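Structure file run06.cif (mmCIF, C-alpha atoms) is printed below.
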```
data_my_file
loop_
_atom_site.label_atom_id
_atom_site.label_comp_id
_atom_site.auth_asym_id
_atom_site.auth_seq_id
_atom_site.Cartn_x
_atom_site.Cartn_y
_atom_site.Cartn_z
CA MET A 1 113.14 138.07 144.24
CA PRO A 2 112.26 134.51 143.16
CA ASN A 3 108.53 134.14 142.63
CA GLY A 4 108.03 131.76 145.57
CA GLN A 5 109.52 134.40 147.84
CA GLU A 6 107.35 137.06 146.17
CA ILE A 7 104.24 135.04 147.02
CA LYS A 8 105.36 134.65 150.63
CA ALA A 9 106.12 138.38 150.91
CA LEU A 10 102.74 139.21 149.40
CA LEU A 11 100.87 136.95 151.82
CA GLU A 12 102.77 138.50 154.72
CA GLN A 13 101.16 141.85 153.81
CA ILE A 14 97.67 140.51 154.47
CA PRO A 15 97.33 141.63 158.17
CA THR A 16 98.39 145.16 157.23
CA GLU A 17 96.04 145.18 154.24
CA ILE A 18 93.12 143.96 156.36
CA SER A 19 93.74 146.81 158.82
CA ARG A 20 94.02 149.33 155.98
CA ARG A 21 90.78 148.15 154.42
CA GLY A 22 89.03 148.50 157.77
CA GLN A 23 90.03 152.15 157.91
CA ARG A 24 88.93 152.75 154.32
CA ALA A 25 85.60 151.06 155.05
CA GLU A 26 84.70 153.77 157.54
CA ALA A 27 85.44 156.44 154.94
CA LEU A 28 83.32 154.56 152.37
CA LYS A 29 80.37 154.32 154.77
CA ALA A 30 80.57 158.06 155.39
CA GLU A 31 80.64 158.73 151.63
CA LEU A 32 77.62 156.54 151.00
CA GLU A 33 75.73 158.17 153.87
CA LYS A 34 76.58 161.61 152.50
CA HIS A 35 75.06 160.65 149.14
CA ARG A 36 72.21 158.54 150.52
CA ASP A 37 69.70 159.94 148.01
CA SER A 38 72.07 160.50 145.10
CA ILE A 39 73.86 157.21 144.30
CA VAL A 40 74.14 156.33 140.62
CA ILE A 41 75.67 153.25 138.99
CA TYR A 42 77.55 153.40 135.70
CA GLY A 43 76.93 150.13 133.85
CA HIS A 44 73.43 148.68 133.54
CA GLY A 45 74.50 145.06 133.10
CA SER A 46 74.57 142.05 135.39
CA LEU A 47 77.33 143.54 137.54
CA GLY A 48 75.64 146.92 137.94
CA THR A 49 72.38 145.18 138.82
CA GLU A 50 74.10 143.11 141.51
CA VAL A 51 75.86 146.15 142.96
CA ARG A 52 72.49 147.95 143.15
CA GLN A 53 70.84 145.00 144.89
CA ASN A 54 73.54 144.80 147.51
CA LEU A 55 73.60 148.53 148.15
CA GLU A 56 69.83 148.62 148.52
CA CYS A 57 69.86 145.62 150.87
CA ALA A 58 72.29 147.62 153.02
CA GLY A 59 69.91 150.59 153.08
CA TRP A 60 71.12 152.84 150.25
CA LYS A 61 68.81 153.61 147.36
CA VAL A 62 70.27 153.69 143.87
CA ARG A 63 68.78 156.60 142.00
CA ALA A 64 69.64 155.67 138.40
CA PHE A 65 71.91 153.85 136.00
CA ILE A 66 74.17 155.44 133.40
CA ASP A 67 75.12 153.32 130.41
CA ALA A 68 76.87 154.50 127.25
CA ASN A 69 75.39 151.61 125.27
CA GLN A 70 71.72 151.98 126.24
CA ARG A 71 69.09 154.51 125.33
CA THR A 72 67.74 156.86 127.96
CA ASP A 73 64.66 155.31 129.60
CA LEU A 74 63.42 157.64 132.32
CA GLU A 75 60.64 155.28 133.36
CA ASN A 76 63.23 152.64 134.28
CA HIS A 77 65.82 155.16 135.54
CA VAL A 78 68.39 154.43 132.83
CA LEU A 79 70.36 157.29 131.26
CA ASN A 80 72.58 157.23 128.24
CA LEU A 81 75.92 158.84 129.04
CA GLN A 82 75.17 161.68 126.59
CA ASP A 83 72.05 162.62 128.58
CA ALA A 84 73.32 162.07 132.11
CA ASP A 85 74.35 165.65 132.90
CA ARG A 86 70.87 166.92 131.90
CA HIS A 87 69.15 164.73 134.50
CA LEU A 88 71.69 164.47 137.35
CA GLU A 89 73.45 166.99 139.58
CA PRO A 90 77.26 167.21 139.34
CA ASP A 91 77.74 166.05 142.94
CA VAL A 92 75.95 162.68 142.68
CA LEU A 93 78.05 159.68 143.68
CA ILE A 94 78.72 157.48 140.66
CA ILE A 95 79.92 153.90 141.14
CA VAL A 96 81.41 152.38 137.98
CA ALA A 97 80.43 148.71 137.68
CA LEU A 98 82.05 147.13 134.60
CA TRP A 99 83.65 143.70 134.43
CA ASN A 100 86.60 145.02 132.44
CA ILE A 101 87.12 147.65 135.10
CA LEU A 102 90.92 147.53 135.08
CA ALA A 103 91.06 148.48 131.42
CA GLU A 104 88.05 150.81 131.22
CA TYR A 105 87.91 152.70 134.51
CA GLU A 106 90.21 155.57 133.56
CA SER A 107 88.41 156.32 130.28
CA VAL A 108 84.99 156.14 131.97
CA GLN A 109 86.20 158.50 134.72
CA ASN A 110 87.36 160.96 132.08
CA SER A 111 84.06 160.76 130.20
CA LEU A 112 82.10 161.41 133.40
CA ARG A 113 84.37 164.28 134.43
CA ASP A 114 83.97 165.83 130.98
CA ARG A 115 80.23 165.98 131.77
CA GLY A 116 80.81 167.70 135.11
CA PHE A 117 80.65 164.76 137.53
CA HIS A 118 83.37 164.60 140.16
CA ASN A 119 82.36 162.00 142.80
CA ILE A 120 83.36 158.78 141.05
CA LEU A 121 84.20 155.38 142.54
CA SER A 122 84.85 151.94 141.11
CA PHE A 123 82.90 148.95 142.40
CA LEU A 124 86.33 147.66 143.46
CA ASP A 125 86.46 150.48 146.00
CA LEU A 126 83.53 148.77 147.74
CA ARG A 127 85.60 145.68 148.49
CA VAL A 128 86.91 147.30 151.67
CA TRP A 129 83.46 146.64 153.11
CA PRO A 130 82.81 142.93 152.51
CA GLU A 131 79.55 142.89 154.45
CA LEU A 132 77.99 144.68 151.47
CA PHE A 133 78.42 141.57 149.35
CA GLN A 134 77.70 138.20 150.86
CA GLY A 135 77.50 136.23 147.64
CA GLY A 136 77.27 136.41 143.88
CA TYR A 137 79.73 137.58 141.29
CA VAL A 138 80.96 140.72 143.05
CA PHE A 139 82.07 138.88 146.14
CA SER A 140 83.78 136.06 144.26
CA ALA A 141 85.48 138.29 141.71
CA ALA A 142 86.77 140.99 144.04
CA SER A 143 87.75 138.46 146.73
CA TRP A 144 87.77 140.09 150.14
CA GLU A 145 88.49 136.99 152.27
CA LEU A 146 92.14 137.84 152.78
CA ALA A 147 92.40 136.04 156.11
CA HIS A 148 91.70 132.71 154.41
CA ILE A 149 94.50 132.41 151.84
CA PRO A 150 96.63 129.33 152.72
CA GLU A 151 100.28 129.89 151.87
CA ALA A 152 101.16 126.23 151.33
CA ARG A 153 98.26 125.60 148.93
CA VAL A 154 99.00 128.78 146.97
CA LEU A 155 102.68 127.87 146.61
CA ASP A 156 101.83 124.31 145.58
CA ALA A 157 99.44 125.56 142.91
CA TYR A 158 102.01 128.02 141.59
CA ASP A 159 104.66 125.29 141.41
CA ILE A 160 102.60 122.98 139.20
CA LEU A 161 101.92 125.60 136.53
CA GLU A 162 103.57 124.64 133.27
CA ASP A 163 104.83 127.81 131.63
CA GLU A 164 106.01 131.32 132.41
CA LEU A 165 102.82 132.98 131.20
CA SER A 166 100.72 130.80 133.53
CA ARG A 167 102.90 131.75 136.48
CA LYS A 168 102.81 135.43 135.52
CA VAL A 169 99.00 135.42 135.30
CA PHE A 170 98.76 133.59 138.64
CA LEU A 171 100.93 136.20 140.38
CA GLU A 172 98.98 139.08 138.81
CA LEU A 173 95.69 137.66 140.05
CA LEU A 174 97.10 137.06 143.52
CA HIS A 175 98.33 140.66 143.63
CA PHE A 176 94.92 141.87 142.49
CA LYS A 177 93.23 139.97 145.30
CA ILE A 178 95.56 141.34 147.95
CA ASP A 179 97.22 144.66 147.22
CA SER A 180 96.81 146.18 143.75
CA PRO A 181 93.22 146.47 142.54
CA TYR A 182 94.19 148.53 139.48
CA GLY A 183 97.33 146.69 138.43
CA LYS A 184 97.64 145.74 134.78
CA LEU A 185 96.69 142.15 133.95
CA THR A 186 98.06 140.11 131.06
CA LEU A 187 95.16 139.09 128.81
CA CYS A 188 94.79 136.71 125.90
CA PRO A 189 92.29 137.35 123.08
CA SER A 190 88.76 136.57 124.30
CA GLU A 191 88.02 134.47 121.23
CA GLU A 192 90.70 132.00 122.39
CA GLN A 193 88.89 131.18 125.64
CA TYR A 194 88.78 127.37 125.98
CA MET A 195 90.81 127.09 122.76
CA PRO A 196 94.14 128.90 123.22
CA PHE A 197 96.19 128.58 120.07
CA ASN A 198 99.53 127.80 121.77
CA VAL A 199 98.54 125.53 124.68
CA TYR A 200 97.06 122.37 123.22
CA SER A 201 96.60 120.85 119.78
CA GLN A 202 93.07 120.77 118.46
CA VAL A 203 91.56 117.75 116.73
CA GLN A 204 88.50 117.49 114.50
CA ASP A 205 87.19 114.27 116.07
CA GLU A 206 86.88 115.85 119.52
CA CYS A 207 84.44 114.25 122.00
CA ILE A 208 83.27 117.26 124.01
CA VAL A 209 81.33 117.63 127.26
CA ASP A 210 80.34 121.28 127.72
CA CYS A 211 79.12 122.05 131.26
CA GLY A 212 77.50 125.46 131.50
CA ALA A 213 76.67 125.46 127.79
CA TYR A 214 74.55 128.64 128.10
CA ASN A 215 72.82 129.33 124.76
CA GLY A 216 75.37 127.48 122.65
CA ASP A 217 78.03 130.19 122.61
CA THR A 218 80.89 127.78 123.32
CA MET A 219 79.45 125.27 120.85
CA ARG A 220 79.52 127.98 118.20
CA ALA A 221 83.14 128.77 119.06
CA PHE A 222 84.17 125.12 118.86
CA LEU A 223 82.37 124.77 115.53
CA LYS A 224 84.15 127.81 114.13
CA LYS A 225 87.52 126.55 115.34
CA LEU A 226 87.21 122.81 114.69
CA GLY A 227 84.65 122.61 111.91
CA GLY A 228 82.88 119.78 113.74
CA TRP A 229 83.25 117.02 116.34
CA LYS A 230 82.77 113.34 116.90
CA SER A 231 80.35 113.91 119.79
CA TYR A 232 79.12 116.84 121.88
CA VAL A 233 77.13 116.80 125.12
CA ALA A 234 75.93 120.26 126.16
CA VAL A 235 74.77 120.57 129.79
CA GLU A 236 72.83 123.70 130.84
CA PRO A 237 70.50 124.08 133.86
CA ASP A 238 68.69 127.34 133.08
CA PRO A 239 65.49 126.50 131.12
CA GLN A 240 65.59 129.87 129.34
CA ASN A 241 69.16 129.37 128.21
CA PHE A 242 68.45 125.71 127.43
CA ALA A 243 65.59 126.66 125.09
CA GLN A 244 67.99 128.88 123.12
CA LEU A 245 70.58 126.09 123.11
CA GLU A 246 68.09 123.56 121.72
CA ARG A 247 66.90 126.07 119.14
CA TYR A 248 70.46 126.61 117.96
CA ILE A 249 71.10 122.87 117.66
CA GLU A 250 67.84 122.25 115.81
CA THR A 251 67.92 125.20 113.43
CA GLU A 252 71.47 126.50 113.00
CA LEU A 253 73.89 123.64 113.67
CA PRO A 254 74.93 121.87 110.45
CA ALA A 255 72.58 118.96 109.86
CA HIS A 256 75.32 116.32 109.82
CA LEU A 257 76.37 117.28 113.38
CA ARG A 258 72.91 117.18 114.97
CA PRO A 259 72.81 113.38 115.52
CA GLU A 260 76.17 113.64 117.32
CA THR A 261 75.05 116.53 119.55
CA LYS A 262 73.02 116.08 122.73
CA ALA A 263 71.64 118.67 125.16
CA LEU A 264 70.89 117.97 128.83
CA CYS A 265 68.94 120.42 131.01
CA ALA A 266 70.64 119.96 134.39
CA ALA A 267 73.29 121.30 136.73
CA VAL A 268 76.41 119.27 137.46
CA SER A 269 77.81 118.48 140.89
CA ASN A 270 79.18 115.64 143.02
CA GLU A 271 75.70 114.42 144.02
CA SER A 272 72.53 113.76 142.06
CA GLY A 273 69.21 115.30 143.03
CA SER A 274 67.79 118.80 142.68
CA LEU A 275 68.65 122.30 143.88
CA SER A 276 67.10 125.75 143.98
CA PHE A 277 68.24 127.81 141.03
CA THR A 278 67.97 131.45 140.02
CA SER A 279 66.94 131.47 136.37
CA ASN A 280 67.99 134.73 134.72
CA GLY A 281 68.12 133.61 131.10
CA ASN A 282 71.70 134.85 130.83
CA THR A 283 75.24 134.04 132.00
CA THR A 284 74.49 134.96 135.64
CA SER A 285 71.99 132.14 136.24
CA ARG A 286 73.18 130.13 139.21
CA ILE A 287 72.43 127.78 142.09
CA ALA A 288 71.10 130.01 144.88
CA ALA A 289 70.30 129.53 148.55
CA GLN A 290 67.63 132.21 148.66
CA VAL A 291 65.29 134.03 146.31
CA ALA A 292 67.13 136.63 144.27
CA SER A 293 65.36 139.70 142.94
CA ASP A 294 67.09 139.44 139.56
CA GLY A 295 65.59 136.14 138.47
CA GLN A 296 62.99 133.43 138.92
CA MET A 297 63.61 130.81 141.60
CA ILE A 298 63.05 127.28 140.33
CA GLU A 299 64.12 123.71 141.08
CA VAL A 300 66.57 122.13 138.63
CA PRO A 301 67.87 118.56 138.36
CA VAL A 302 71.47 117.98 139.41
CA VAL A 303 73.57 115.16 137.95
CA ARG A 304 77.01 113.61 138.32
CA LEU A 305 78.82 113.34 135.01
CA ASP A 306 79.91 109.86 136.06
CA ASP A 307 76.24 108.84 136.01
CA VAL A 308 75.12 110.43 132.74
CA ILE A 309 78.11 110.28 130.36
CA GLN A 310 78.93 106.82 129.06
CA GLU A 311 80.51 107.66 125.70
CA PRO A 312 84.22 108.44 125.24
CA VAL A 313 85.29 111.97 126.18
CA SER A 314 88.36 113.86 124.97
CA LEU A 315 87.60 117.37 126.27
CA ILE A 316 85.57 118.66 129.25
CA LYS A 317 84.76 122.34 129.62
CA MET A 318 83.24 123.76 132.83
CA ASP A 319 81.82 127.20 133.56
CA VAL A 320 79.31 126.31 136.25
CA GLU A 321 79.10 129.25 138.67
CA GLU A 322 81.03 128.11 141.76
CA PHE A 323 80.32 124.39 141.24
CA GLU A 324 83.49 123.59 139.29
CA LEU A 325 85.20 121.61 142.06
CA ARG A 326 82.07 119.68 142.94
CA ALA A 327 81.42 118.97 139.27
CA LEU A 328 84.96 117.63 138.91
CA GLU A 329 84.43 115.40 141.92
CA GLY A 330 81.29 114.04 140.28
CA ALA A 331 83.29 113.23 137.15
CA GLU A 332 86.32 111.52 138.71
CA GLY A 333 85.60 108.13 137.14
CA LEU A 334 84.91 109.65 133.72
CA ILE A 335 88.08 111.72 133.88
CA GLN A 336 90.39 108.98 135.11
CA ARG A 337 88.97 106.51 132.56
CA ASN A 338 89.27 108.83 129.55
CA GLN A 339 92.21 111.09 130.55
CA PRO A 340 90.61 114.04 128.70
CA LEU A 341 91.80 117.58 128.28
CA LEU A 342 90.15 119.83 130.89
CA THR A 343 89.26 123.51 130.45
CA ILE A 344 87.91 124.76 133.79
CA CYS A 345 86.95 128.31 134.81
CA GLY A 346 88.82 129.38 137.94
CA TYR A 347 87.24 132.67 139.03
CA HIS A 348 83.91 131.92 140.70
CA ARG A 349 85.38 131.39 144.18
CA GLN A 350 88.47 133.00 145.65
CA SER A 351 89.99 129.63 146.51
CA ASP A 352 89.47 128.32 142.96
CA LEU A 353 92.69 130.10 142.00
CA TRP A 354 94.68 127.45 143.86
CA GLU A 355 92.23 124.62 144.58
CA ILE A 356 91.17 123.95 140.98
CA PRO A 357 94.67 123.46 139.53
CA LEU A 358 95.66 121.31 142.52
CA TYR A 359 92.58 119.11 142.10
CA MET A 360 93.14 118.82 138.36
CA LYS A 361 96.70 117.68 139.00
CA LYS A 362 95.50 115.20 141.60
CA LEU A 363 93.06 113.67 139.13
CA LEU A 364 95.46 113.78 136.19
CA PRO A 365 99.02 113.67 137.57
CA HIS A 366 100.64 113.31 134.13
CA HIS A 367 98.74 116.22 132.55
CA HIS A 368 100.28 119.69 132.24
CA ILE A 369 98.53 122.63 133.95
CA PHE A 370 98.17 126.04 132.27
CA LEU A 371 96.39 129.27 133.20
CA ARG A 372 95.16 131.97 130.81
CA ASN A 373 93.21 135.19 131.48
CA TYR A 374 90.71 136.57 128.96
CA VAL A 375 88.89 139.52 130.58
CA GLY A 376 90.64 140.52 133.79
CA ILE A 377 89.09 139.77 137.15
CA ILE A 378 86.77 137.15 135.62
CA GLU A 379 86.95 134.64 132.76
CA TYR A 380 90.29 133.07 133.53
CA VAL A 381 90.63 129.40 132.73
CA PHE A 382 92.81 126.50 133.86
CA TYR A 383 93.79 123.82 131.34
CA ALA A 384 94.95 120.29 132.08
CA VAL A 385 96.62 119.05 128.90
CA PRO A 386 97.69 115.46 128.20
CA GLU A 387 101.23 114.95 126.98
CA SER A 388 99.99 113.83 123.56
CA ARG A 389 98.31 117.20 122.96
CA MET A 390 100.99 119.52 124.23
CA ILE A 391 102.17 122.36 122.03
CA LEU A 392 104.41 124.20 124.45
CA GLN A 393 107.35 122.06 125.52
#
```
Whole structure given in structure tokens:
Amino acid sequence: MPNGQEIKALLEQIPTEISRRGQRAEALKAELEKHRDSIVIYGHGSLGTEVRQNLECAGWKVRAFIDANQRTDLENHVLNLQDADRHLEPDVLIIVALWNILAEYESVQNSLRDRGFHNILSFLDLRVWPELFQGGYVFSAASWELAHIPEARVLDAYDILEDELSRKVFLELLHFKIDSPYGKLTLCPSEEQYMPFNVYSQVQDECIVDCGAYNGDTMRAFLKKLGGWKSYVAVEPDPQNFAQLERYIETELPAHLRPETKALCAAVSNESGSLSFTSNGNTTSRIAAQVASDGQMIEVPVVRLDDVIQEPVSLIKMDVEEFELRALEGAEGLIQRNQPLLTICGYHRQSDLWEIPLYMKKLLPHHHIFLRNYVGIIEYVFYAVPESRMILQ
């Protein structure tokens, strides 16, 4: 069927899917209760930590982590995969929490079964019970709010996408959110994130604003790809990440680029001021409404790009943990004045899948909108490309 009709048919399945998930939620609760004292998480990263926090807030204690890439640390309840069967009973309940779950789940299941474990779930199986996750990455990435997907907005967003690959990726992500949690997703090489080789032409005199600059990882990628820039403003709110960013600029960035490179310790939004912030010193640092157990709660300054960027801009990148739309609103004047290329993450909120491309098109009606996926259920990016920098025609 034509893709517009496929979207409509998919959205029509939502009431049935909501009912089905309700039934599966009861079975999940029974399984968790059965293993109340024997829940283990595979994956001791940011995702596994968040899954543990949410489970424990709901009353279930996580006994240990298994991680194939970490050494066994019994004091901190972390087991290397090779040691897991010597410390855990075969009937423990293992929840696999990996961001690249669609690609890795089957191989992890096999590895665990080879060691005698047989009660294995994916963290995606938990999405049938949305009350477990009221915020953070798990909620936004797995997207349980099926009753709040507006057909007209979704269709409008699909219609403005420029090429077949963008439309294919959009449909795959919509299917993932609604009816096929283990469907195959079309991925581009991760090293092309923000700089896809066949979407826009790159220039060496780029004027870059990098929102969510982290420790300079994107700056490093741009340097490797472009060899330099005319100007670079790196904006990062987490003081721990910002210290690493400044250190990179001062000690590793080529000396001739340092005068053209500025770093600003702030969050970006549509209003200036300050907000509470969970400082983790990694990519999961974020604006937070309440104290989180995985990081230090601090106050950070918040700025509008319209207020702090006066120089010309040719490219704006945003990975700002659910604040992408608000950050774009706070940069309307800058964007409309400069008509830059935009590279905006679209995975932090469920509605970002359709609201971000629609807002980009509203701000830049003559730009062309693309979508590319780099990891799976996270790290997909929308691009708004001016006609002068188009590669695909």
May I ask which of the residues A:Ser46, A:Asn215, A:Asn76, A:Ser201 is the closest one to Pro239 (chain A), counting all atoms listed in the file?
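Selected residue with least distance to Pro239 (chain A): A:Asn215.
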Long-range neighbours of region 308-315 of chain A as a PyMOL selection string, 12 Å cut-off, all atoms listed in the file, 3 positions minimum in chain
chain A and resi 194-195+200-211+222+229-235+260+262-269+271-272+302-305+318+330-344+383-386+388-389
Evaluate the PyMOL selection byres ((chain A and resi 352-362) around 9) and record the selected residues as a count of residues only, following the chain and residue labels used in the document.
37
Using all atoms listed in the file, the best pick from A:Asp85, A:Leu165, A:Thr72, A:Phe133 as closest to Gln53 (chain A) would be A:Phe133
If you apply the PyMOL selection byres ((chain A and resi 148) around 12) to this file, what residues do you get, as a PyMOL selection string?
chain A and resi 11+14-15+18+143-147+149-154+177-178+350-351
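Using only C-alpha atoms, the shortest contact distance between Arg127 (chain A) and any of A:Ile101, A:Arg24, A:Leu185, A:Ala58 is found at A:Arg24.
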In Å, how far is it from CA of Gly48 (chain A) to CA of Ala97 (chain A)?
5.1 Å
Which residues fall under the PyMOL selection byres ((chain A and resi 29) around 12) in this file, as a PDB file with C-alpha atoms, in the coordinates of the input?
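Output file out.pdb follows:
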```
ATOM      1  CA  GLY A  22      89.030 148.500 157.770  1.00  0.00           C
ATOM      2  CA  GLN A  23      90.030 152.150 157.910  1.00  0.00           C
ATOM      3  CA  ARG A  24      88.930 152.750 154.320  1.00  0.00           C
ATOM      4  CA  ALA A  25      85.600 151.060 155.050  1.00  0.00           C
ATOM      5  CA  GLU A  26      84.700 153.770 157.540  1.00  0.00           C
ATOM      6  CA  ALA A  27      85.440 156.440 154.940  1.00  0.00           C
ATOM      7  CA  LEU A  28      83.320 154.560 152.370  1.00  0.00           C
ATOM      8  CA  ALA A  30      80.570 158.060 155.390  1.00  0.00           C
ATOM      9  CA  GLU A  31      80.640 158.730 151.630  1.00  0.00           C
ATOM     10  CA  LEU A  32      77.620 156.540 151.000  1.00  0.00           C
ATOM     11  CA  GLU A  33      75.730 158.170 153.870  1.00  0.00           C
ATOM     12  CA  LYS A  34      76.580 161.610 152.500  1.00  0.00           C
ATOM     13  CA  HIS A  35      75.060 160.650 149.140  1.00  0.00           C
ATOM     14  CA  ARG A  36      72.210 158.540 150.520  1.00  0.00           C
ATOM     15  CA  LEU A  55      73.600 148.530 148.150  1.00  0.00           C
ATOM     16  CA  ALA A  58      72.290 147.620 153.020  1.00  0.00           C
ATOM     17  CA  GLY A  59      69.910 150.590 153.080  1.00  0.00           C
ATOM     18  CA  TRP A  60      71.120 152.840 150.250  1.00  0.00           C
ATOM     19  CA  ASP A 125      86.460 150.480 146.000  1.00  0.00           C
ATOM     20  CA  LEU A 126      83.530 148.770 147.740  1.00  0.00           C
ATOM     21  CA  ARG A 127      85.600 145.680 148.490  1.00  0.00           C
ATOM     22  CA  VAL A 128      86.910 147.300 151.670  1.00  0.00           C
ATOM     23  CA  TRP A 129      83.460 146.640 153.110  1.00  0.00           C
ATOM     24  CA  PRO A 130      82.810 142.930 152.510  1.00  0.00           C
ATOM     25  CA  GLU A 131      79.550 142.890 154.450  1.00  0.00           C
ATOM     26  CA  LEU A 132      77.990 144.680 151.470  1.00  0.00           C
TER      27      LEU A 132
END
```
For CA of Tyr380 (chain A) and CA of Ile249 (chain A), the interatomic separation in Å (one decimal):
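Taking CA of Tyr380 (chain A) as the start and CA of Ile249 (chain A) as the end point, the length is 26.9 Å.
Between Ile39 (chain A) and the candidates A:Met219, A:Val108, A:Leu121, A:Val62, the tightest atom-to-atom separation, counting all atoms listed in the file, involves A:Val62.
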Which of these residues is nearest to Gly212 (chain A), using only C-alpha atoms: A:Glu6, A:Asp319, A:Glu17, A:Glu252?
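Closest to Gly212 (chain A) of all the choices is A:Asp319.
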When you look at region 191-193 of chain A with a cut-off of 8 Å (counting only C-alpha atoms), what residues show up, excluding the ones that are within fewer than 5 positions of it in the same chain? I need them as a PyMOL selection string.
chain A and resi 221+374+381
Could you give me, as a PDB file with C-alpha atoms, in the coordinates of the input, the residues that sit within 10 Å of (73.3, 159.8, 137.0) in the file's coordinates, counting all atoms listed in the file?
```
ATOM      1  CA  SER A  38      72.070 160.500 145.100  1.00  0.00           C
ATOM      2  CA  ILE A  39      73.860 157.210 144.300  1.00  0.00           C
ATOM      3  CA  VAL A  40      74.140 156.330 140.620  1.00  0.00           C
ATOM      4  CA  ILE A  41      75.670 153.250 138.990  1.00  0.00           C
ATOM      5  CA  TYR A  42      77.550 153.400 135.700  1.00  0.00           C
ATOM      6  CA  VAL A  62      70.270 153.690 143.870  1.00  0.00           C
ATOM      7  CA  ARG A  63      68.780 156.600 142.000  1.00  0.00           C
ATOM      8  CA  ALA A  64      69.640 155.670 138.400  1.00  0.00           C
ATOM      9  CA  PHE A  65      71.910 153.850 136.000  1.00  0.00           C
ATOM     10  CA  ILE A  66      74.170 155.440 133.400  1.00  0.00           C
ATOM     11  CA  ASP A  67      75.120 153.320 130.410  1.00  0.00           C
ATOM     12  CA  HIS A  77      65.820 155.160 135.540  1.00  0.00           C
ATOM     13  CA  VAL A  78      68.390 154.430 132.830  1.00  0.00           C
ATOM     14  CA  LEU A  79      70.360 157.290 131.260  1.00  0.00           C
ATOM     15  CA  ASN A  80      72.580 157.230 128.240  1.00  0.00           C
ATOM     16  CA  LEU A  81      75.920 158.840 129.040  1.00  0.00           C
ATOM     17  CA  ASP A  83      72.050 162.620 128.580  1.00  0.00           C
ATOM     18  CA  ALA A  84      73.320 162.070 132.110  1.00  0.00           C
ATOM     19  CA  ASP A  85      74.350 165.650 132.900  1.00  0.00           C
ATOM     20  CA  ARG A  86      70.870 166.920 131.900  1.00  0.00           C
ATOM     21  CA  HIS A  87      69.150 164.730 134.500  1.00  0.00           C
ATOM     22  CA  LEU A  88      71.690 164.470 137.350  1.00  0.00           C
ATOM     23  CA  GLU A  89      73.450 166.990 139.580  1.00  0.00           C
ATOM     24  CA  PRO A  90      77.260 167.210 139.340  1.00  0.00           C
ATOM     25  CA  ASP A  91      77.740 166.050 142.940  1.00  0.00           C
ATOM     26  CA  VAL A  92      75.950 162.680 142.680  1.00  0.00           C
ATOM     27  CA  LEU A  93      78.050 159.680 143.680  1.00  0.00           C
ATOM     28  CA  ILE A  94      78.720 157.480 140.660  1.00  0.00           C
ATOM     29  CA  ILE A  95      79.920 153.900 141.140  1.00  0.00           C
ATOM     30  CA  LEU A 112      82.100 161.410 133.400  1.00  0.00           C
ATOM     31  CA  PHE A 117      80.650 164.760 137.530  1.00  0.00           C
TER      32      PHE A 117
END
```
Straight-line distance linking CA of Leu171 (chain A) with CA of Thr16 (chain A), stated in Å to one decimal:
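The value is 19.3 Å.
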Spatial neighbours of Leu102 (chain A), 9 Å, all atoms listed in the file, chain gap at least 2 places, as a VMD selection string
chain A and resid 98 to 100 104 to 106 181 to 185 376 to 377
The selected residues should be written to file as a PDB file, keeping the file's coordinate frame (atoms: C-alpha atoms).
```pdb
ATOM      1  CA  LEU A  98      82.050 147.130 134.600  1.00  0.00           C
ATOM      2  CA  TRP A  99      83.650 143.700 134.430  1.00  0.00           C
ATOM      3  CA  ASN A 100      86.600 145.020 132.440  1.00  0.00           C
ATOM      4  CA  GLU A 104      88.050 150.810 131.220  1.00  0.00           C
ATOM      5  CA  TYR A 105      87.910 152.700 134.510  1.00  0.00           C
ATOM      6  CA  GLU A 106      90.210 155.570 133.560  1.00  0.00           C
ATOM      7  CA  PRO A 181      93.220 146.470 142.540  1.00  0.00           C
ATOM      8  CA  TYR A 182      94.190 148.530 139.480  1.00  0.00           C
ATOM      9  CA  GLY A 183      97.330 146.690 138.430  1.00  0.00           C
ATOM     10  CA  LYS A 184      97.640 145.740 134.780  1.00  0.00           C
ATOM     11  CA  LEU A 185      96.690 142.150 133.950  1.00  0.00           C
ATOM     12  CA  GLY A 376      90.640 140.520 133.790  1.00  0.00           C
ATOM     13  CA  ILE A 377      89.090 139.770 137.150  1.00  0.00           C
TER      14      ILE A 377
END
```
Taking into account only C-alpha atoms, which residue in the set A:Arg21, A:Pro259, A:Gln70, A:Lys8 is nearest to Gly45 (chain A)?
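Closest residue, counting only C-alpha atoms: A:Gln70.
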